[in-house]
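*Asks:* For reference, the file run-v9.pdb (PDB, C-alpha atoms) is included below:
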MODEL        1
ATOM      1  CA  MET Y   5      86.552  93.812 103.065
ATOM      2  CA  PRO Y   6      89.608  95.754 101.884
ATOM      3  CA  PRO Y   7      92.828  93.768 101.319
ATOM      4  CA  THR Y   8      94.931  92.898 104.347
ATOM      5  CA  VAL Y   9      96.920  95.879 105.616
ATOM      6  CA  HIS Y  10     100.645  95.389 106.201
ATOM      7  CA  LYS Y  11     101.936  97.676 108.934
ATOM      8  CA  GLU Y  12     105.397  99.186 109.291
ATOM      9  CA  THR Y  13     106.413 101.733 111.902
ATOM     10  CA  ASN Y  14     110.032 102.446 110.926
ATOM     11  CA  PHE Y  15     111.144 104.230 107.774
ATOM     12  CA  SER Y  16     114.616 103.652 106.384
ATOM     13  CA  THR Y  17     115.717 104.727 102.935
ATOM     14  CA  THR Y  18     118.138 101.787 102.902
ATOM     15  CA  ASP Y  19     115.468  99.222 103.765
ATOM     16  CA  LEU Y  20     112.921  98.329 101.114
ATOM     17  CA  LYS Y  21     110.376  97.078 103.667
ATOM     18  CA  TRP Y  22     108.735 100.503 103.605
ATOM     19  CA  LYS Y  23     107.780 100.104  99.966
ATOM     20  CA  MET Y  24     104.053 100.506  99.358
ATOM     21  CA  THR Y  25     103.640 101.239 103.066
ATOM     22  CA  LEU Y  26     102.328 104.200 104.995
ATOM     23  CA  VAL Y  27     104.619 104.570 107.997
ATOM     24  CA  GLN Y  28     102.492 104.892 111.109
ATOM     25  CA  PRO Y  29     103.396 107.121 114.076
ATOM     26  CA  SER Y  30     104.703 105.538 117.229
ATOM     27  CA  GLY Y  31     106.076 106.517 120.619
ATOM     28  CA  GLU Y  32     105.949 110.165 121.643
ATOM     29  CA  LEU Y  33     104.703 111.294 118.224
ATOM     30  CA  SER Y  34     101.773 108.902 118.385
ATOM     31  CA  ALA Y  35     100.934 110.100 121.893
ATOM     32  CA  LYS Y  36     101.041 113.728 120.745
ATOM     33  CA  ILE Y  37      98.751 112.988 117.781
ATOM     34  CA  LYS Y  38      96.289 111.091 119.963
ATOM     35  CA  GLU Y  39      96.098 114.066 122.301
ATOM     36  CA  GLU Y  40      95.508 116.428 119.366
ATOM     37  CA  LEU Y  41      92.793 114.154 117.948
ATOM     38  CA  ARG Y  42      91.200 113.746 121.406
ATOM     39  CA  GLU Y  43      91.546 109.989 121.119
ATOM     40  CA  PRO Y  44      90.457 108.175 124.295
ATOM     41  CA  ALA Y  45      93.299 106.528 126.189
ATOM     42  CA  ASN Y  46      91.200 103.446 126.862
ATOM     43  CA  PRO Y  47      90.684 101.305 123.728
ATOM     44  CA  ALA Y  48      87.378 100.181 125.201
ATOM     45  CA  ASP Y  49      86.080 103.729 124.827
ATOM     46  CA  ILE Y  50      86.930 103.669 121.121
ATOM     47  CA  GLU Y  51      85.111 100.363 120.722
ATOM     48  CA  ARG Y  52      82.142 101.913 122.526
ATOM     49  CA  ASP Y  53      82.117 104.808 120.056
ATOM     50  CA  ILE Y  54      82.312 102.394 117.122
ATOM     51  CA  GLY Y  55      79.335 100.546 118.585
ATOM     52  CA  ILE Y  56      77.354 103.783 118.893
ATOM     53  CA  ILE Y  57      78.056 104.641 115.246
ATOM     54  CA  ARG Y  58      77.104 101.130 114.145
ATOM     55  CA  GLU Y  59      73.857 101.382 116.069
ATOM     56  CA  TRP Y  60      73.158 104.728 114.400
ATOM     57  CA  LEU Y  61      73.934 103.327 110.940
ATOM     58  CA  GLY Y  62      71.562 100.459 111.657
ATOM     59  CA  LYS Y  63      68.758 102.963 112.121
ATOM     60  CA  GLN Y  64      69.412 104.814 108.856
ATOM     61  CA  PRO Y  65      67.335 103.085 106.172
ATOM     62  CA  HIS Y  66      69.087 104.949 103.351
ATOM     63  CA  LEU Y  67      72.688 104.133 104.320
ATOM     64  CA  PRO Y  68      74.753 100.944 103.790
ATOM     65  CA  LYS Y  69      75.922  98.943 106.805
ATOM     66  CA  ASP Y  70      79.274  97.758 105.420
ATOM     67  CA  MET Y  71      81.737 100.141 107.077
ATOM     68  CA  ASP Y  72      84.434  98.079 108.814
ATOM     69  CA  ASP Y  73      86.007  98.957 112.159
ATOM     70  CA  ALA Y  74      89.306 100.176 110.649
ATOM     71  CA  ARG Y  75      87.601 102.789 108.519
ATOM     72  CA  LEU Y  76      85.282 103.811 111.347
ATOM     73  CA  ARG Y  77      88.346 104.463 113.535
ATOM     74  CA  THR Y  78      89.753 106.707 110.820
ATOM     75  CA  PHE Y  79      86.482 108.629 110.649
ATOM     76  CA  LEU Y  80      86.488 109.014 114.445
ATOM     77  CA  ARG Y  81      90.055 110.313 114.460
ATOM     78  CA  GLY Y  82      89.443 112.672 111.562
ATOM     79  CA  CYS Y  83      86.436 114.105 113.394
ATOM     80  CA  LYS Y  84      88.276 114.328 116.744
ATOM     81  CA  PHE Y  85      85.875 111.717 118.156
ATOM     82  CA  SER Y  86      82.820 113.927 117.721
ATOM     83  CA  LEU Y  87      80.098 111.344 117.139
ATOM     84  CA  GLU Y  88      77.774 113.877 115.533
ATOM     85  CA  ARG Y  89      80.471 114.975 113.110
ATOM     86  CA  VAL Y  90      81.211 111.331 112.241
ATOM     87  CA  LYS Y  91      77.523 110.796 111.465
ATOM     88  CA  GLN Y  92      77.497 113.829 109.162
ATOM     89  CA  LYS Y  93      80.651 112.664 107.367
ATOM     90  CA  LEU Y  94      79.385 109.108 106.899
ATOM     91  CA  ASP Y  95      76.086 110.340 105.513
ATOM     92  CA  MET Y  96      77.938 112.547 103.019
ATOM     93  CA  TYR Y  97      80.415 109.766 102.211
ATOM     94  CA  TYR Y  98      77.615 107.508 100.992
ATOM     95  CA  THR Y  99      75.578 110.386  99.563
ATOM     96  CA  MET Y 100      78.439 111.504  97.309
ATOM     97  CA  ARG Y 101      78.748 107.997  95.885
ATOM     98  CA  ASN Y 102      75.184 108.251  94.708
ATOM     99  CA  ALA Y 103      75.315 111.920  93.693
ATOM    100  CA  VAL Y 104      78.606 111.822  91.761
ATOM    101  CA  PRO Y 105      78.824 108.319  90.249
ATOM    102  CA  GLU Y 106      81.478 109.447  87.771
ATOM    103  CA  PHE Y 107      83.929 109.617  90.715
ATOM    104  CA  PHE Y 108      83.022 106.240  92.220
ATOM    105  CA  THR Y 109      82.476 103.791  89.361
ATOM    106  CA  ASP Y 110      84.924 101.980  87.070
ATOM    107  CA  ARG Y 111      87.697 102.368  89.642
ATOM    108  CA  ASP Y 112      90.150 100.054  87.948
ATOM    109  CA  VAL Y 113      93.768 101.071  87.275
ATOM    110  CA  SER Y 114      93.971  98.645  84.351
ATOM    111  CA  ARG Y 115      91.383 100.635  82.389
ATOM    112  CA  ALA Y 116      93.009 102.604  79.576
ATOM    113  CA  GLU Y 117      91.592 105.941  80.755
ATOM    114  CA  MET Y 118      92.869 105.473  84.311
ATOM    115  CA  ALA Y 119      96.206 104.067  83.186
ATOM    116  CA  GLU Y 120      96.751 107.127  81.008
ATOM    117  CA  VAL Y 121      96.151 109.449  83.962
ATOM    118  CA  LEU Y 122      98.564 107.548  86.206
ATOM    119  CA  ASN Y 123     101.187 107.670  83.457
ATOM    120  CA  VAL Y 124     101.196 111.460  83.251
ATOM    121  CA  ILE Y 125     100.143 112.550  86.764
ATOM    122  CA  GLN Y 126     101.989 111.443  89.878
ATOM    123  CA  MET Y 127     100.038 111.752  93.129
ATOM    124  CA  PRO Y 128     101.674 109.519  95.743
ATOM    125  CA  PRO Y 129     101.267 109.923  99.489
ATOM    126  CA  LEU Y 130     104.806 109.749 100.844
ATOM    127  CA  PRO Y 131     105.855 106.940 103.204
ATOM    128  CA  GLY Y 132     107.149 109.082 106.055
ATOM    129  CA  LEU Y 133     105.629 111.663 108.370
ATOM    130  CA  THR Y 134     106.528 115.263 109.172
ATOM    131  CA  PRO Y 135     107.811 116.043 112.691
ATOM    132  CA  ASN Y 136     104.238 117.063 113.538
ATOM    133  CA  GLY Y 137     102.886 113.709 112.382
ATOM    134  CA  CYS Y 138     101.354 114.801 109.077
ATOM    135  CA  ARG Y 139     101.140 112.763 105.891
ATOM    136  CA  VAL Y 140     102.574 114.493 102.825
ATOM    137  CA  VAL Y 141     100.987 113.972  99.410
ATOM    138  CA  MET Y 142     102.799 114.978  96.207
ATOM    139  CA  LEU Y 143     100.950 116.048  93.066
ATOM    140  CA  ARG Y 144     102.840 116.722  89.851
ATOM    141  CA  GLY Y 145     102.575 116.324  86.110
ATOM    142  CA  THR Y 146     105.328 114.701  84.102
ATOM    143  CA  ASP Y 147     105.357 116.688  80.863
ATOM    144  CA  LYS Y 148     104.000 120.115  79.937
ATOM    145  CA  ASP Y 149     103.607 119.053  76.304
ATOM    146  CA  ILE Y 150     101.172 116.196  76.947
ATOM    147  CA  ALA Y 151      97.487 116.495  76.121
ATOM    148  CA  THR Y 152      95.195 117.451  78.987
ATOM    149  CA  PRO Y 153      94.518 114.316  81.074
ATOM    150  CA  ASN Y 154      90.941 113.216  81.707
ATOM    151  CA  VAL Y 155      89.957 115.485  84.599
ATOM    152  CA  VAL Y 156      87.276 113.157  86.004
ATOM    153  CA  GLU Y 157      89.672 110.205  85.964
ATOM    154  CA  SER Y 158      92.282 112.327  87.756
ATOM    155  CA  MET Y 159      89.841 113.249  90.499
ATOM    156  CA  LYS Y 160      88.657 109.635  90.685
ATOM    157  CA  ALA Y 161      92.231 108.432  91.237
ATOM    158  CA  THR Y 162      92.686 110.922  94.077
ATOM    159  CA  LEU Y 163      89.554 109.652  95.814
ATOM    160  CA  MET Y 164      90.641 106.040  95.296
ATOM    161  CA  ILE Y 165      93.803 106.786  97.244
ATOM    162  CA  GLY Y 166      91.643 108.464  99.877
ATOM    163  CA  ASP Y 167      89.576 105.295 100.277
ATOM    164  CA  ILE Y 168      92.710 103.166 100.620
ATOM    165  CA  ARG Y 169      94.018 105.454 103.329
ATOM    166  CA  LEU Y 170      90.769 105.118 105.270
ATOM    167  CA  ALA Y 171      91.737 101.503 105.824
ATOM    168  CA  GLU Y 172      95.531 101.762 105.944
ATOM    169  CA  GLU Y 173      96.129 104.755 108.226
ATOM    170  CA  SER Y 174      95.844 102.278 111.061
ATOM    171  CA  VAL Y 175      97.168 104.449 113.893
ATOM    172  CA  GLY Y 176      96.077 107.906 112.808
ATOM    173  CA  VAL Y 177      97.993 110.937 111.581
ATOM    174  CA  ALA Y 178      97.764 114.579 112.588
ATOM    175  CA  GLY Y 179      96.603 115.696 109.144
ATOM    176  CA  ASP Y 180      97.555 116.020 105.496
ATOM    177  CA  VAL Y 181     100.057 118.298 103.776
ATOM    178  CA  TYR Y 182      99.786 118.652  99.996
ATOM    179  CA  VAL Y 183     102.745 119.668  97.843
ATOM    180  CA  LEU Y 184     101.669 120.735  94.352
ATOM    181  CA  ASP Y 185     104.421 121.058  91.750
ATOM    182  CA  ALA Y 186     103.223 123.509  89.086
ATOM    183  CA  SER Y 187     106.304 123.254  86.863
ATOM    184  CA  VAL Y 188     104.453 121.696  83.907
ATOM    185  CA  ALA Y 189     101.101 123.441  84.403
ATOM    186  CA  THR Y 190      99.846 125.241  81.305
ATOM    187  CA  PRO Y 191      96.637 127.109  80.435
ATOM    188  CA  THR Y 192      95.654 124.267  78.112
ATOM    189  CA  HIS Y 193      95.805 121.714  80.937
ATOM    190  CA  PHE Y 194      93.343 123.660  83.074
ATOM    191  CA  ALA Y 195      90.861 124.634  80.380
ATOM    192  CA  LYS Y 196      88.719 121.564  81.178
ATOM    193  CA  PHE Y 197      88.412 122.351  84.887
ATOM    194  CA  THR Y 198      84.822 123.615  85.022
ATOM    195  CA  PRO Y 199      83.412 125.240  88.164
ATOM    196  CA  ALA Y 200      80.793 122.487  88.508
ATOM    197  CA  LEU Y 201      83.385 119.714  88.389
ATOM    198  CA  VAL Y 202      85.787 121.413  90.776
ATOM    199  CA  LYS Y 203      82.989 122.123  93.226
ATOM    200  CA  LYS Y 204      81.784 118.503  93.196
ATOM    201  CA  PHE Y 205      85.284 117.234  93.812
ATOM    202  CA  LEU Y 206      86.074 119.645  96.636
ATOM    203  CA  ILE Y 207      82.747 118.965  98.360
ATOM    204  CA  CYS Y 208      83.642 115.269  98.269
ATOM    205  CA  VAL Y 209      87.065 115.926  99.758
ATOM    206  CA  GLN Y 210      85.985 118.446 102.390
ATOM    207  CA  GLU Y 211      82.629 117.032 103.459
ATOM    208  CA  ALA Y 212      82.689 113.275 102.786
ATOM    209  CA  TYR Y 213      86.178 112.246 103.915
ATOM    210  CA  PRO Y 214      87.711 112.651 107.392
ATOM    211  CA  VAL Y 215      90.571 114.739 106.026
ATOM    212  CA  LYS Y 216      92.369 117.280 108.190
ATOM    213  CA  LEU Y 217      94.124 119.458 105.611
ATOM    214  CA  LYS Y 218      96.900 121.256 107.446
ATOM    215  CA  GLU Y 219      98.851 122.893 104.618
ATOM    216  CA  VAL Y 220      98.963 123.243 100.840
ATOM    217  CA  HIS Y 221     102.316 124.146  99.299
ATOM    218  CA  VAL Y 222     102.692 125.187  95.665
ATOM    219  CA  ILE Y 223     106.207 125.023  94.223
ATOM    220  CA  ASN Y 224     107.794 125.811  90.855
ATOM    221  CA  VAL Y 225     105.256 128.548  90.317
ATOM    222  CA  SER Y 226     104.511 130.528  87.176
ATOM    223  CA  PRO Y 227     102.030 133.328  86.387
ATOM    224  CA  ILE Y 228      99.283 130.763  85.818
ATOM    225  CA  VAL Y 229      99.377 129.670  89.457
ATOM    226  CA  ASP Y 230      97.749 132.821  90.847
ATOM    227  CA  THR Y 231      94.903 132.449  88.352
ATOM    228  CA  ILE Y 232      94.322 128.819  89.295
ATOM    229  CA  VAL Y 233      94.474 129.472  93.037
ATOM    230  CA  ASN Y 234      91.996 132.353  92.738
ATOM    231  CA  PHE Y 235      89.705 130.114  90.684
ATOM    232  CA  VAL Y 236      89.728 127.343  93.304
ATOM    233  CA  LYS Y 237      89.523 129.489  96.453
ATOM    234  CA  PRO Y 238      85.731 130.125  96.350
ATOM    235  CA  PHE Y 239      85.177 126.370  96.679
ATOM    236  CA  LEU Y 240      87.430 126.022  99.727
ATOM    237  CA  LYS Y 241      86.588 126.541 103.353
ATOM    238  CA  GLU Y 242      88.056 129.767 104.691
ATOM    239  CA  LYS Y 243      90.453 128.019 107.061
ATOM    240  CA  ILE Y 244      91.883 126.022 104.146
ATOM    241  CA  ARG Y 245      92.310 129.140 101.991
ATOM    242  CA  GLU Y 246      94.517 130.540 104.737
ATOM    243  CA  ARG Y 247      96.740 127.447 104.641
ATOM    244  CA  ILE Y 248      97.880 127.816 101.035
ATOM    245  CA  HIS Y 249     101.574 128.683 100.700
ATOM    246  CA  ILE Y 250     103.169 129.760  97.425
ATOM    247  CA  HIS Y 251     106.939 129.157  97.317
ATOM    248  CA  SER Y 252     109.406 130.879  95.042
ATOM    249  CA  ASN Y 253     112.119 128.308  95.756
ATOM    250  CA  ILE Y 254     112.407 124.755  97.066
ATOM    251  CA  GLU Y 255     114.442 125.819 100.085
ATOM    252  CA  ASP Y 256     111.384 127.616 101.416
ATOM    253  CA  LEU Y 257     109.407 124.353 101.283
ATOM    254  CA  TYR Y 258     111.997 122.662 103.499
ATOM    255  CA  LYS Y 259     110.922 124.949 106.349
ATOM    256  CA  TYR Y 260     107.620 123.069 106.385
ATOM    257  CA  VAL Y 261     108.459 119.613 105.002
ATOM    258  CA  PRO Y 262     111.817 118.004 105.896
ATOM    259  CA  LYS Y 263     113.994 117.629 102.824
ATOM    260  CA  ALA Y 264     114.902 114.022 103.659
ATOM    261  CA  MET Y 265     111.322 112.740 103.477
ATOM    262  CA  LEU Y 266     110.709 114.185  99.995
ATOM    263  CA  PRO Y 267     111.210 112.325  96.701
ATOM    264  CA  SER Y 268     114.646 112.419  95.096
ATOM    265  CA  GLU Y 269     113.518 115.023  92.535
ATOM    266  CA  TYR Y 270     113.311 117.489  95.436
ATOM    267  CA  GLY Y 271     116.568 116.491  97.131
ATOM    268  CA  GLY Y 272     115.027 113.891  99.430
ATOM    269  CA  ASP Y 273     115.587 110.228 100.234
ATOM    270  CA  ALA Y 274     112.115 108.740  99.653
ATOM    271  CA  GLY Y 275     112.859 107.418  96.159
ATOM    272  CA  SER Y 276     111.725 108.926  92.880
ATOM    273  CA  CYS Y 277     108.201 110.161  92.246
ATOM    274  CA  LYS Y 278     107.829 107.535  89.533
ATOM    275  CA  GLU Y 279     108.796 104.737  91.923
ATOM    276  CA  LEU Y 280     106.382 105.988  94.553
ATOM    277  CA  ASN Y 281     103.609 106.491  92.029
ATOM    278  CA  ASP Y 282     104.131 102.996  90.607
ATOM    279  CA  GLN Y 283     103.913 101.530  94.111
ATOM    280  CA  TRP Y 284     100.604 103.311  94.639
ATOM    281  CA  ARG Y 285      99.347 102.159  91.253
ATOM    282  CA  ALA Y 286     100.058  98.580  92.375
ATOM    283  CA  LYS Y 287      98.345  99.226  95.700
ATOM    284  CA  MET Y 288      95.280 100.589  93.909
ATOM    285  CA  GLY Y 289      95.314  97.457  91.769
ATOM    286  CA  GLU Y 290      95.151  95.294  94.898
ATOM    287  CA  TYR Y 291      91.896  97.028  95.775
ATOM    288  CA  THR Y 292      90.227  96.485  92.366
ATOM    289  CA  ALA Y 293      87.768  93.863  93.575
ATOM    290  CA  TRP Y 294      86.901  95.947  96.642
ATOM    291  CA  PHE Y 295      86.367  99.061  94.530
ATOM    292  CA  LYS Y 296      83.990  97.069  92.324
ATOM    293  CA  GLU Y 297      82.024  95.812  95.328
ATOM    294  CA  GLN Y 298      81.790  99.349  96.666
ATOM    295  CA  GLU Y 299      79.886 100.589  93.613
ATOM    296  CA  ALA Y 300      76.726  99.259  95.250
ATOM    297  CA  SER Y 301      77.597 100.845  98.599
ATOM    298  CA  LYS Y 302      75.868 104.218  98.365
ATOM    299  CA  ALA Y 303      72.944 106.153  99.776
ATOM    300  CA  ASN Y 304      69.458 105.205  98.625
ATOM    301  CA  GLU Y 305      67.702 108.552  98.480
ATOM    302  CA  SER Y 306      64.281 106.932  98.072
ATOM    303  CA  LEU Y 307      64.671 105.569 101.617
ATOM    304  CA  ARG Y 308      66.108 108.700 103.263
ATOM    305  CA  PRO Y 309      63.910 109.967 106.133
ATOM    306  CA  GLY Y 310      62.460 113.322 105.110
ATOM    307  CA  ALA Y 311      63.302 114.836 101.746
ATOM    308  CA  PRO Y 312      65.934 113.169  99.548
ATOM    309  CA  LYS Y 313      69.183 115.025  98.833
ATOM    310  CA  THR Y 314      69.108 116.572  95.366
ATOM    311  CA  ALA Y 315      71.949 117.663  93.109
ATOM    312  CA  ASP Y 316      70.792 121.290  93.401
ATOM    313  CA  GLU Y 317      70.904 121.063  97.182
ATOM    314  CA  LEU Y 318      74.363 119.492  97.190
ATOM    315  CA  PHE Y 319      76.006 121.373  94.336
ATOM    316  CA  GLY Y 320      73.850 124.416  93.584
ATOM    317  CA  MET Y 321      76.084 126.793  91.680
ATOM    318  CA  ASP Y 322      76.415 130.367  92.835
ATOM    319  CA  GLY Y 323      76.450 132.977  90.108
ATOM    320  CA  THR Y 324      79.869 134.180  91.278
ATOM    321  CA  PHE Y 325      81.483 130.935  90.145
ATOM    322  CA  ARG Y 326      82.754 131.153  86.605
ATOM    323  CA  GLN Y 327      84.616 129.114  84.058
ATOM    324  CA  LEU Y 328      88.390 129.208  84.383
ATOM    325  CA  THR Y 329      89.731 131.543  81.733
ATOM    326  CA  ILE Y 330      93.452 132.009  81.273
ATOM    327  CA  ASP Y 331      95.071 134.288  78.759
TER     328      ASP Y 331
ENDMDL
END
Mind turning the file's structure into structure tokens?

*Replies:*
Amino acid sequence: MPPTVHKETNFSTTDLKWKMTLVQPSGELSAKIKEELREPANPADIERDIGIIREWLGKQPHLPKDMDDARLRTFLRGCKFSLERVKQKLDMYYTMRNAVPEFFTDRDVSRAEMAEVLNVIQMPPLPGLTPNGCRVVMLRGTDKDIATPNVVESMKATLMIGDIRLAEESVGVAGDVYVLDASVATPTHFAKFTPALVKKFLICVQEAYPVKLKEVHVINVSPIVDTIVNFVKPFLKEKIRERIHIHSNIEDLYKYVPKAMLPSEYGGDAGSCKELNDQWRAKMGEYTAWFKEQEASKANESLRPGAPKTADELFGMDGTFRQLTID
């Protein structure tokens, strides 16, 4: 089981109780989100759906049976309570763990390789919520002159946070908003982003996790940004491509994300990015034992009814995908 979740529903920048906490929606906002996610008003109906999914999992010889109720609720909400969609997501969730072990093994923040990534890349989900009930996730580097971080470890850390949120988004949010700060991005940093690796990662994010990506905002842009965005777009679903916003100034971002809920580096009241990132590093550390246990929780393709899923089937590369080249 994941560590005990501590809930907090009020966010105050003068009260440290919110530290290492994901503020959950309440009141009218929660009601609005539940309507958007088609969440049944009767909790008994949710328990019924969880039971149906458990019964289905019990009949799948190739899938683990260890998914707890909290994570199943998050899958239901992320799939707008479509049981068939939940089944597809759960199958892919466990399939990816078997197909891409480099993302799902050695998930320990005390390892030197992971510690190095968390020292130079900050990727904290922010404590508060947008007026529409979305969670905002920051992603930024700390120094343009550093060596290129280990790309696999960076992607692994992102998915670790995703697994924590499966358990800790206890009420349900309307979706995710990503803010990518490109101020320290250089051609050298992105030279190791191969099409195969990017495709594997984005299939994990889009197909295996119950993520509702509402917006992607890129700030502090430079000429390299257009090249990177064009490189990534073929791997994104069309509806997500249409949700990418490139901002020439921070004021434009405030039209989408309230200034107050942002880190102090962007004029907000949520604390510094380093503080937030350190809190998430500690949270990831609390899950170390669970992450280790989860290494055995993956699809067993030898037991899958019908043909097993192969790497070619999951990640077959189209000839139009090419290595990222930046002048």

*Asks:* Can you list, as number ranges by chain, every protein, DNA or RNA residue that comes within 12 Å of Cys208 in chain Y when you count all atoms listed in the file, leaving out same-chain residues fewer than 2 positions away?

*Replies:* Y: 93-105, 107-108, 159-160, 162-164, 166-167, 201-206, 210-215, 239-240, 318-319

*Asks:* Per residue of range 37-123 of chain Y within 9 Å of range 169-174 of chain Y, record the nearest atom pair and its distance in Å to one decimal, counting only C-alpha atoms, with rows in chain order and ascending residue number, as a Markdown table.

*Replies:*
| residue | atom | partner | partner_atom | distance |
| --- | --- | --- | --- | --- |
| Y:Asp72 | CA | Y:Ala171 | CA | 8.6 |
| Y:Asp73 | CA | Y:Ala171 | CA | 8.9 |
| Y:Ala74 | CA | Y:Ala171 | CA | 5.6 |
| Y:Arg75 | CA | Y:Leu170 | CA | 5.1 |
| Y:Leu76 | CA | Y:Leu170 | CA | 8.3 |
| Y:Arg77 | CA | Y:Ser174 | CA | 8.2 |
| Y:Thr78 | CA | Y:Leu170 | CA | 5.9 |
| Y:Phe79 | CA | Y:Leu170 | CA | 7.7 |

*Asks:* When distances are computed from all atoms listed in the file, which of Y:Asn154, Y:Lys259, Y:Arg245, Y:Met127 shows the smallest separation from Leu280 in chain Y?

*Replies:*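 For Leu280 in chain Y, the nearest of the candidates is Y:Met127.
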
*Asks:* Nearest residue to Ala151 in chain Y out of Y:Ala119, Y:His251, Y:Gly132, Y:Thr192, using only C-alpha atoms?

*Replies:* Y:Thr192

*Asks:* Figure out the distance between CA of Gly275 in chain Y and CA of Glu219 in chain Y, please, to one decimal in Å.

*Replies:* 22.5 Å

*Asks:* Determine the residue membership of the PyMOL selection byres ((chain Y and resi 133-148) around 9) for the file above and supply it as a short mmCIF file (atom, residue, chain, number, x, y, z; two decimals) with C-alpha atoms, keeping the file's coordinate frame.

*Replies:*
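And here's out.cif as it stands now:
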data_model
loop_
_atom_site.label_atom_id
_atom_site.label_comp_id
_atom_site.auth_asym_id
_atom_site.auth_seq_id
_atom_site.Cartn_x
_atom_site.Cartn_y
_atom_site.Cartn_z
CA LEU Y 26 102.33 104.20 105.00
CA VAL Y 27 104.62 104.57 108.00
CA GLN Y 28 102.49 104.89 111.11
CA PRO Y 29 103.40 107.12 114.08
CA LEU Y 33 104.70 111.29 118.22
CA SER Y 34 101.77 108.90 118.38
CA LYS Y 36 101.04 113.73 120.74
CA ILE Y 37 98.75 112.99 117.78
CA ASN Y 123 101.19 107.67 83.46
CA VAL Y 124 101.20 111.46 83.25
CA ILE Y 125 100.14 112.55 86.76
CA GLN Y 126 101.99 111.44 89.88
CA MET Y 127 100.04 111.75 93.13
CA PRO Y 128 101.67 109.52 95.74
CA PRO Y 129 101.27 109.92 99.49
CA LEU Y 130 104.81 109.75 100.84
CA PRO Y 131 105.86 106.94 103.20
CA GLY Y 132 107.15 109.08 106.06
CA ASP Y 149 103.61 119.05 76.30
CA ILE Y 150 101.17 116.20 76.95
CA ALA Y 151 97.49 116.50 76.12
CA GLY Y 176 96.08 107.91 112.81
CA VAL Y 177 97.99 110.94 111.58
CA ALA Y 178 97.76 114.58 112.59
CA GLY Y 179 96.60 115.70 109.14
CA ASP Y 180 97.56 116.02 105.50
CA VAL Y 181 100.06 118.30 103.78
CA TYR Y 182 99.79 118.65 100.00
CA VAL Y 183 102.74 119.67 97.84
CA LEU Y 184 101.67 120.74 94.35
CA ASP Y 185 104.42 121.06 91.75
CA ALA Y 186 103.22 123.51 89.09
CA SER Y 187 106.30 123.25 86.86
CA VAL Y 188 104.45 121.70 83.91
CA ALA Y 189 101.10 123.44 84.40
CA THR Y 190 99.85 125.24 81.31
CA HIS Y 193 95.80 121.71 80.94
CA LYS Y 218 96.90 121.26 107.45
CA TYR Y 260 107.62 123.07 106.38
CA VAL Y 261 108.46 119.61 105.00
CA PRO Y 262 111.82 118.00 105.90
CA MET Y 265 111.32 112.74 103.48
CA LEU Y 266 110.71 114.18 100.00
CA PRO Y 267 111.21 112.32 96.70
CA CYS Y 277 108.20 110.16 92.25
#

*Asks:* So which one's closest to Ala161 in chain Y, Y:Glu59, Y:Asp273, Y:Glu120, Y:Asp70? Using all atoms listed in the file, please.

*Replies:*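 Of Y:Glu59, Y:Asp273, Y:Glu120, Y:Asp70, the one nearest Ala161 in chain Y, counting all atoms listed in the file, is Y:Glu120.
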
*Asks:* Looking at Y:Asp49, Y:His221, Y:Ser30, Y:Glu43, which one is nearest to Ile244 in chain Y, with distances taken over only C-alpha atoms?

*Replies:* Y:His221

*Asks:* Please compute the CA of Leu122 in chain Y-CA of Ile223 in chain Y distance, one decimal, in Å.

*Replies:*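 Here the two named atoms are 20.7 Å from each other.
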
*Asks:* Expressed in Å to a single decimal, how great is the separation between CA of Glu157 in chain Y and CA of Glu117 in chain Y?

*Replies:*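 Separation of CA of Glu157 in chain Y and CA of Glu117 in chain Y: 7.0 Å.
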
*Asks:* Which neighbours of Lys84 in chain Y fall inside 7 Å, counting all atoms listed in the file, when residues of the same chain fewer than 3 positions from it are skipped, and could you give them as a list of chain:residue names?

*Replies:*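 With the cut-off at 7 Å, the set is Y:Leu41, Y:Arg42, Y:Glu43, Y:Leu80, Y:Arg81.
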
*Asks:* Could you pull the residues within 7 Å of Pro68 in chain Y, counting all atoms listed in the file, minus those fewer than 5 positions along the same chain, as a list in words?

*Replies:* Ser301, Lys302 and Ala303 of chain Y

*Asks:* Pick the closest to Thr152 in chain Y from Y:Val113, Y:Phe194, Y:Gly310, Y:Ser268: which is it, counting only C-alpha atoms?

*Replies:*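 Checking each of Y:Val113, Y:Phe194, Y:Gly310, Y:Ser268 against Thr152 in chain Y, counting only C-alpha atoms, the winner is Y:Phe194.
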
*Asks:* Put the listed atoms of range 300-316 of chain Y in a box along x, y and z with 8 Å added on every side and give me the centre and edge lengths in Å to one decimal, as AutoDock Vina command-line options.

*Replies:*
--center_x 70.0 --center_y 110.3 --center_z 99.6 --size_x 31.1 --size_y 38.0 --size_z 29.0

*Asks:* Return the single residue from Y:Glu305, Y:Pro153, Y:Asp230, Y:Lys241 that is closest to Phe197 in chain Y, with distances computed using all atoms listed in the file.

*Replies:*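 Of all the options, Y:Pro153 lies closest to Phe197 in chain Y.
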